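**Student:** Structure in structure tokens, see below.
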Amino acid sequence: MPLDFRNINTVWASILAETLKYLGLTTAIICPGSRSTPLAVAFAQQREIESIPVLDERSAAFFALGIAKATGRPVVLVCTSGTAGANFYPAIIEAKESRVPLLILTADRPPELRDCHSGQTIDQLKLYGNYPNWQTELTLPSMGIGRLRYLRQTLVHAWERCVFPTPGTVHLNIPFRDPLAPIQQLDPDTLPSPFELEEFFTGLSHPQFPIPDSPSPVPYSQWQECDRGIIIAGIAQPQHPKKYCDAIAHLSQTLGWPVLAEGLSPVRNYADLNPYLISTYDLILRNQQLAQQLTPKIVIQIGELPTSKELRAWLDRTQPQRWVIDPSHHNLDPLHGKTTHLRMSVEQMERWGEGKRGKNSTPQSRVSNPSIPNSNSKLQTPSYLQRWCEAEAKVRSAVEQKMVSLNGLFEGKAAWLLSQILPPETPLFIANSMPVRDVEFFWKPNNIGIQPYFNRGANGIDGTLSTALGVTHRNRSSVMLTGDLALLHDTNGFLLSNKFVGHLTIVLINNNGGGIFEMLPISKFNPPFEEFFATPQDINFAQLCVTYGVEHQLIQSWEQLRVLLNPLPSTGIQVLELQTDRKVDARWRQEQLGKFGKKL
């Protein structure tokens, strides 16, 4: 776009937008306000950046978070001065913890209007504490070519810090003096010469970061010598899920180790790649005798640990040597065990290790039945692996029989059904609390490439709907699995429907309260449990959907749900509500989950 030379602020803001365009920005979320007027005008005029106005700042931030999750690129968030930026905070926390790139631009009043009750003014410096990867305040707009170069290079650095070495948030506080509107004010004699700006943006492009060498050698020899090792594929939202799953499968078959795959990992959705896939580990480890027999010597943990308390308690008791494979600088060991972090992705590890492994590291040929070792493979399947595979086959069969026999609307069956009936490669956003746990318990391995998304950085329920809409925006038709409280916590997300492009189906488990609390000891103490923990809201979701112009259907049977989920519509938002009994379903989990592994 041509730069906007109407006044100092329009030049400053238009150079900012143009620089970010060259760096690769495609989406900016703009919250309304006065002090941010120069930024809003600049992004609105930038045709190659999709600028989306969103009323509610908290919803806007989670919407941006969802878009960044789906694309892997930074999304810009713009707001005015005052408390507006404070509403971004929950999403910024989640972005740090789940390593999602966001670039926050908070407009501010100039220094002379601070600390003097000038109105809509707070201390915005370091507003987000230590959560951003980097933060600074820009100088006041200026027309000097030196200052414009400073602006350009500060933005280049900010963009790089959004994505490297660990993706996350960068916060730029941007003060503006009047005039905020694009009023013609500049004398042409004050402008930089065309020659000075002719090559101003030359050489700017999306930064490319080299894959670093391993900071420490990958201990393939030590791993290959171990006959009691497991691989844990934890929660993950990789940009290229098949390559991710391929790399894990290659490691598994090279070592002859089972892969315990979280339901929030794409590994369960590319099951044919991995003959040693273990999806029922939580249920298997409830058998204490077998859990002791399956004690590993070495654990390779890919990314963050799964949600399962059973798995975490087992690892804490047995204290195996653990290697964490993840490219971030984060500490991913909440158990404080005997852990070594290898700061690389599993895909990088595979590439780095080419030519460095011994002759005995040839991958085994893939087998169709994980419970039957392949007698032709160069590595004999150890008995330890065999025990895991046999346990998986038996428990998985028991889960399947139980789910098939359940005709009533047990909320855990929704996760099991979704794993089988969604269209291939459907993005699925899974809300926190009980939905993520039901996915871990019941999600059936499949080969339809479903792409799981979630907010498991800080594990909160805020921003659930807005994040899901962000993931879905300009993406393929998507599904969200959520409880009633998580949806109610973010109903302002429905206001995004006027700008949202795509389709989202919301599978709403309405058990009128917080089902997760039914699993905790406090549930036995009522009062105060029902009023202060379960917090039932008694909302008529059909009426709520009418208010926002969203389609609603009450689901009466699993067959009805199956028909409505495949094929999915191409546009709009629909809510498919399943009304369930919170206490009955909690009692079912408490009574049944421990039984699946008892006969092993």
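We label chains A, B, ... in the order they appear in the structure tokens, count residues from 1 in each chain, and number ligands from 1 in the order shown.
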Taking the chain letters and numbering used in this document, name the residues of stretch 398-468 of chain A that DSSP puts in strand (DSSP E), as a list in words.
**Tutor:**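 Filtering stretch 398-468 of chain A down to strand (DSSP E) leaves Pro427, Leu428, Phe429, Ile430, Gln451, Pro452 and Tyr453 of chain A.
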**Student:** Determine, counting only C-alpha atoms, which protein, DNA and RNA residues have an atom within 12 Å of an atom of A:Glu531; residues of the same chain fewer than 4 positions away are not included. Present the result as a PyMOL selection string.
**Tutor:** chain A and resi 512-514+517+522-523+525-527+535-537
**Student:** Residues within 8 Å of stretch 339-344 of chain A, please, as a list in words. Count only C-alpha atoms; anything in the same chain fewer than 5 positions from it doesn't count.
**Tutor:**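 Near neighbours after the sequence-gap exclusion: Ser214, Pro215, Ser216, Val218, Gln321, Arg322, Trp323, Val324, Ile325, Asp326, Pro327, Ser328, His329, Asp333 and Met349 of chain A.
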**Student:** Take the selection from the previous step and output its residues with N, CA, C and O atoms, as a short mmCIF file (atom, residue, chain, number, x, y, z; two decimals), in the first residue's frame.
**Tutor:**
data_model
loop_
_atom_site.label_atom_id
_atom_site.label_comp_id
_atom_site.auth_asym_id
_atom_site.auth_seq_id
_atom_site.Cartn_x
_atom_site.Cartn_y
_atom_site.Cartn_z
N SER A 214 22.23 -30.53 17.64
CA SER A 214 21.81 -30.97 18.96
C SER A 214 22.73 -30.38 20.03
O SER A 214 23.95 -30.44 19.89
N PRO A 215 22.18 -29.82 21.11
CA PRO A 215 23.01 -29.29 22.17
C PRO A 215 23.74 -30.40 22.93
O PRO A 215 24.71 -30.15 23.61
N SER A 216 23.22 -31.60 22.85
CA SER A 216 23.89 -32.75 23.45
C SER A 216 23.57 -33.95 22.59
O SER A 216 22.51 -34.03 21.98
N VAL A 218 22.27 -37.27 20.97
CA VAL A 218 21.12 -38.12 21.19
C VAL A 218 21.64 -39.51 21.56
O VAL A 218 22.41 -40.11 20.81
N GLN A 321 14.64 -43.29 34.28
CA GLN A 321 15.40 -42.23 33.62
C GLN A 321 14.54 -41.70 32.47
O GLN A 321 13.99 -42.47 31.69
N ARG A 322 14.42 -40.37 32.37
CA ARG A 322 13.48 -39.80 31.40
C ARG A 322 14.20 -38.78 30.53
O ARG A 322 14.93 -37.92 31.02
N TRP A 323 13.95 -38.88 29.22
CA TRP A 323 14.48 -37.93 28.24
C TRP A 323 13.29 -37.18 27.66
O TRP A 323 12.34 -37.79 27.16
N VAL A 324 13.34 -35.86 27.70
CA VAL A 324 12.25 -35.02 27.18
C VAL A 324 12.69 -34.43 25.85
O VAL A 324 13.69 -33.70 25.79
N ILE A 325 11.93 -34.74 24.79
CA ILE A 325 12.24 -34.24 23.45
C ILE A 325 11.31 -33.08 23.14
O ILE A 325 10.10 -33.27 22.96
N ASP A 326 11.85 -31.87 23.11
CA ASP A 326 11.03 -30.69 22.85
C ASP A 326 11.96 -29.52 22.52
O ASP A 326 12.98 -29.35 23.19
N PRO A 327 11.61 -28.71 21.49
CA PRO A 327 12.53 -27.64 21.07
C PRO A 327 12.51 -26.40 21.94
O PRO A 327 13.35 -25.51 21.77
N SER A 328 11.57 -26.29 22.86
CA SER A 328 11.44 -25.05 23.64
C SER A 328 12.46 -25.02 24.78
O SER A 328 13.13 -26.00 25.09
N HIS A 329 12.53 -23.86 25.43
CA HIS A 329 13.40 -23.71 26.59
C HIS A 329 12.66 -24.02 27.88
O HIS A 329 13.21 -23.88 28.97
N ASP A 333 9.03 -31.01 33.00
CA ASP A 333 9.00 -32.11 33.96
C ASP A 333 8.39 -31.65 35.28
O ASP A 333 9.11 -31.29 36.22
N MET A 349 15.18 -34.41 15.61
CA MET A 349 15.99 -35.48 16.17
C MET A 349 16.19 -36.60 15.16
O MET A 349 17.29 -37.15 15.02
#
**Student:** Just checking: using only C-alpha atoms, which residue out of A:Thr80, A:Thr464, A:Gln253, A:Asn510 ends up closest to A:His489?
**Tutor:**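 When distances to A:His489 are compared using only C-alpha atoms, the smallest one comes from A:Thr464.
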**Student:** Between atom CA of A:Leu20 and atom CA of A:Leu180, measure the distance and give it in Å to one decimal.
**Tutor:** 20.8 Å
**Student:** Closest to A:Leu495 among A:Leu578, A:Leu151, A:Leu55, A:Leu277, using only C-alpha atoms?
**Tutor:**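 Under the stated criterion, the closest residue is A:Leu55.
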